[in-house]
Structures are given as C-alpha cells and as structure tokens.
Amino acid sequence: MRKIDKQASNEPQSLKNHRSTPNTNFDGLDKSDLQDALLREQFFLCAYCMCRINKKNINIEHYKPKSKYNNLELIYSNLFGVCDGGENIPLTSGKKRKLHCDKKKANQELLKLNPLTNSVDLLYFTQDGTVKSSDSDISTDIKLLGLNEGIFLKKHRANLLKSLQSEYSRLRGKSLAERNNFLRSKKKFYSQGFEGKLPEYCQVALQWIEKKL
Ligand SMILES: [Zn+2]
C-alpha cells in the first residue's frame with residue numbers, strides 16, 4: 001500500500017451530477033469517468049495490494065462499506081480503485097482460492113490502515129515478500145485484506161526485491177558515487193513511474209532503496 005494523494009479536483013463531473021440527482025445510488029452510476037479518475041490518481045495501481053489495475057479489471061471499492069455508510073456511497077474521498085482480488089487467476093487443480101483486497105474485506109471495516117493517511121508508513125516488507133507492521137491494529141488490517149495470503153502477492157514482492165538487489169550487487173567494487181547514482185535513479189523510477197504509471201509493488205523497492213541511501 002502507498003499513500004494516495006486524493007484531490008477533490010480529480011472528482012469527475014459525472015459523479016457530482018449523479019450525486020445531486022434525487023433517488024440515485026452507486027449502482028445506477030455510469031462508472032467510466034470515475035474509473036479513469038481513480039486510475040490516474042493511483043498511477044494504475046490497486047489501492048491496497050499495488051498490483052496493476054486498468055480499465056478492464058478495475059473494481060471500485062468503498063473504503064467505508066456502503067452497506068453501513070449509505071451516505072458515503074457517492075462520496076469521492078471514500079472511493080478507491082482496486083484489483084479483482086485474485087478471483088480471476090486460473091487455479092491448478094486442488095488449490096483453494098484465497099482472495100485479497102476488497103474481495104476479502106467485503107463489508108468489513110479496516111481499523112487503521114488507510115491509503116489516504118500516514119498509516120501506510122507503518123507497513124514494512126521482509127525479504128520473503130511478507131508485509132508486516134508492529135502496530136497491532138494494522139496487523140489485523142493486513143489479515144483482513146489478505147495481503148500475505150493472496151495467490152502470488154508475496155512471491156511478486158519477493159521477486160521484485162530480489163531482482164533489485166541482484167542489479168545492485170553487480171555494482172560491487174564500483175565507487176560509492178556510482179552505487180548511489182544507481183539507487184537514486186531507481187528511487188525516481190519507483191516513486192514517479194513512467195507515463196502516469198507506477199511499477200507494481202513500488203513501495204517494496206522504495207523502502208529497500210531508502211534504507212540503502
Ligand atoms: Zn489489490
């Protein structure tokens with residue numbers, strides 16, 4: 001998870017219009033503009049697991065569930081773009097599907113973790129791709145979102161870390177300036193992305209780079 005800079009100015013006019021129409025709800029909204037706005041705002045990453053999302057696979061998540069917070073169902077600051085939770089990954093026979101992100105969270109509420117707050121800074125990643133926190137509420141939220149259980153999530157994070165570390169290890173013997181240049185250019189890539197898209201699981205790389213610099 002990374003912090004999302006959610007701006008009221010990014011809210012599409014179609015959502016505002018829909019909200020001001022009497023007797024409307026989220027299901028009746030044409031979601032195309034909203035999907036585009038959330039994708040751009042989140043650099044095409046799932047708000048929870050940071051896997052790639054796009055116009056074809058984006059789901060719209062209500063941070064505060066609409067089953068309980070009906071008044072927030074059309075409020076832009078309560079809406080995030082998320083992945084399909086792994087429900088479309090083909091399974092090898094005998095394997096049980098473990099969902100993640102809002103497909104696992106469903107109508108439950110997170111205790112503290114919120115992509116709009118600095119709570120995301122309390123997450124850290126271990127070498128095997130596990131995401132952890134020393135905060136007990138956030139540890140509960142990690143479980144609620146299935147961030148260590150979703151098929152491939154841990155593996156993808158571990159692989160990203162391994163490939164970055166292997167690139168860096170090739171600079172062994174080079175000057176400190178050269179190694180730091182490498183780290184700074186990677187930092188730029190994982191924090192700014194390219195053509196409006198950030199690399200998947202970018203926080204994993206960024207945390208490692210920041211420890212090295
Ligand atoms: Zn996700």
# chains A, B, ... in the order shown; residues from 1 in each chain; ligands from 1
$ residues_near_ligand --ligand "ligand 1" --cutoff "9 Å" --atoms "only C-alpha atoms and all ligand atoms" --output "compact mmCIF listing (two decimals) with N, CA and C atoms, in the first residue's frame"
# COMPACT_ATOMS: atom_id res chain seq x y z
N LEU A 45 -2.41 1.55 -9.99
CA LEU A 45 -2.11 0.51 -9.00
C LEU A 45 -3.30 0.31 -8.07
N CYS A 46 -3.54 -0.94 -7.70
CA CYS A 46 -4.58 -1.24 -6.71
C CYS A 46 -4.27 -0.48 -5.42
N ALA A 47 -5.28 0.15 -4.82
CA ALA A 47 -5.08 0.97 -3.62
C ALA A 47 -4.57 0.14 -2.44
N TYR A 48 -4.83 -1.16 -2.46
CA TYR A 48 -4.42 -1.98 -1.32
C TYR A 48 -3.16 -2.81 -1.60
N CYS A 49 -3.15 -3.60 -2.67
CA CYS A 49 -2.01 -4.52 -2.86
C CYS A 49 -0.98 -3.98 -3.85
N MET A 50 -1.27 -2.91 -4.57
CA MET A 50 -0.35 -2.29 -5.53
C MET A 50 -0.08 -3.14 -6.77
N CYS A 51 -0.98 -4.07 -7.08
CA CYS A 51 -0.82 -4.77 -8.37
C CYS A 51 -1.39 -3.85 -9.46
N ARG A 52 -1.09 -4.18 -10.71
CA ARG A 52 -1.55 -3.33 -11.82
C ARG A 52 -3.06 -3.42 -11.97
N ILE A 53 -3.70 -2.28 -12.08
CA ILE A 53 -5.12 -2.26 -12.47
C ILE A 53 -5.25 -1.41 -13.73
N GLY A 81 -9.77 2.74 -6.42
CA GLY A 81 -9.69 1.72 -7.47
C GLY A 81 -8.91 0.54 -6.90
N VAL A 82 -9.48 -0.65 -7.03
CA VAL A 82 -8.79 -1.85 -6.52
C VAL A 82 -8.81 -2.96 -7.56
N CYS A 83 -8.04 -4.02 -7.26
CA CYS A 83 -7.92 -5.15 -8.20
C CYS A 83 -9.10 -6.10 -8.04
N ASP A 84 -9.05 -7.21 -8.78
CA ASP A 84 -10.16 -8.19 -8.68
C ASP A 84 -9.95 -9.18 -7.53
N GLY A 85 -8.93 -8.92 -6.69
CA GLY A 85 -8.72 -9.75 -5.51
C GLY A 85 -8.25 -11.16 -5.80
N GLY A 86 -7.83 -11.39 -7.04
CA GLY A 86 -7.33 -12.72 -7.42
C GLY A 86 -8.43 -13.67 -7.85
N HIS A 100 -8.03 -11.57 -1.89
CA HIS A 100 -7.39 -10.47 -1.17
C HIS A 100 -8.07 -9.15 -1.53
N CYS A 101 -7.58 -8.09 -0.90
CA CYS A 101 -8.11 -6.73 -1.11
C CYS A 101 -9.62 -6.68 -0.81
N ASP A 102 -10.39 -5.91 -1.56
CA ASP A 102 -11.78 -5.73 -1.10
C ASP A 102 -12.61 -6.99 -1.29
N LYS A 103 -12.14 -7.93 -2.12
CA LYS A 103 -12.89 -9.19 -2.28
C LYS A 103 -12.83 -9.99 -0.98
N LEU A 145 -7.30 -7.78 4.80
CA LEU A 145 -7.14 -7.58 3.35
C LEU A 145 -6.46 -8.76 2.66
N LEU A 147 -3.35 -9.57 2.59
CA LEU A 147 -2.19 -9.10 1.81
C LEU A 147 -1.01 -10.09 1.80
N GLY A 150 -3.08 -13.73 -0.54
CA GLY A 150 -3.48 -13.75 -1.95
C GLY A 150 -2.45 -14.48 -2.79
N LEU A 153 0.91 -12.78 -4.40
CA LEU A 153 1.25 -11.44 -3.93
C LEU A 153 2.62 -11.40 -3.26
$ select_by_dssp --residues "chain A" --states "alpha helix (DSSP H)" --output "VMD selection string"
chain A and resid 13 to 20 32 to 41 102 to 105 136 to 144 153 to 169 176 to 192 202 to 212
$ atom_distance --atom1 "atom CA of A:Gln7" --atom2 "atom CA of A:Leu99"
29.6 Å
$ closest_residue --among "A:Gln35, A:Ser169, A:Ser134, A:Asn78" --to "A:Ser14" --atoms "only C-alpha atoms"
A:Gln35
$ atom_distance --atom1 "atom CA of A:Leu110" --atom2 "atom CA of A:Pro65"
9.8 Å
$ atom_distance --atom1 "atom CA of A:Phe125" --atom2 "atom CA of A:Lys56"
28.9 Å
$ closest_residue --among "A:Pro199, A:Arg40, A:Gly129, A:Met1" --to "A:Asp141" --atoms "only C-alpha atoms"
A:Met1
$ closest_residue --among "A:Gln13, A:Ile142, A:Asp36, A:Arg2" --to "A:Tyr201" --atoms "only C-alpha atoms"
A:Arg2
$ residues_around --residues "A:Gln207" --least-positions-apart "2" --cutoff "10 Å" --atoms "only C-alpha atoms" --output "short mmCIF file (atom, residue, chain, number, x, y, z; two decimals) with C-alpha atoms, in the first residue's frame"
data_model
loop_
_atom_site.label_atom_id
_atom_site.label_comp_id
_atom_site.auth_asym_id
_atom_site.auth_seq_id
_atom_site.Cartn_x
_atom_site.Cartn_y
_atom_site.Cartn_z
CA ASP A 121 4.25 4.29 6.64
CA LEU A 123 3.95 -1.12 6.90
CA TYR A 124 7.22 -2.84 6.10
CA PHE A 125 8.26 -5.70 3.86
CA LEU A 161 13.19 -7.17 -4.14
CA LYS A 187 14.22 5.77 -6.46
CA CYS A 202 6.77 0.01 -5.91
CA GLN A 203 6.77 0.58 -2.13
CA VAL A 204 8.70 -2.66 -1.61
CA ALA A 205 11.52 -1.34 -3.78
CA ILE A 209 16.33 1.84 -1.57
CA GLU A 210 15.69 4.37 1.18
CA LYS A 211 17.45 2.15 3.71
CA LYS A 212 20.48 1.95 1.41
#
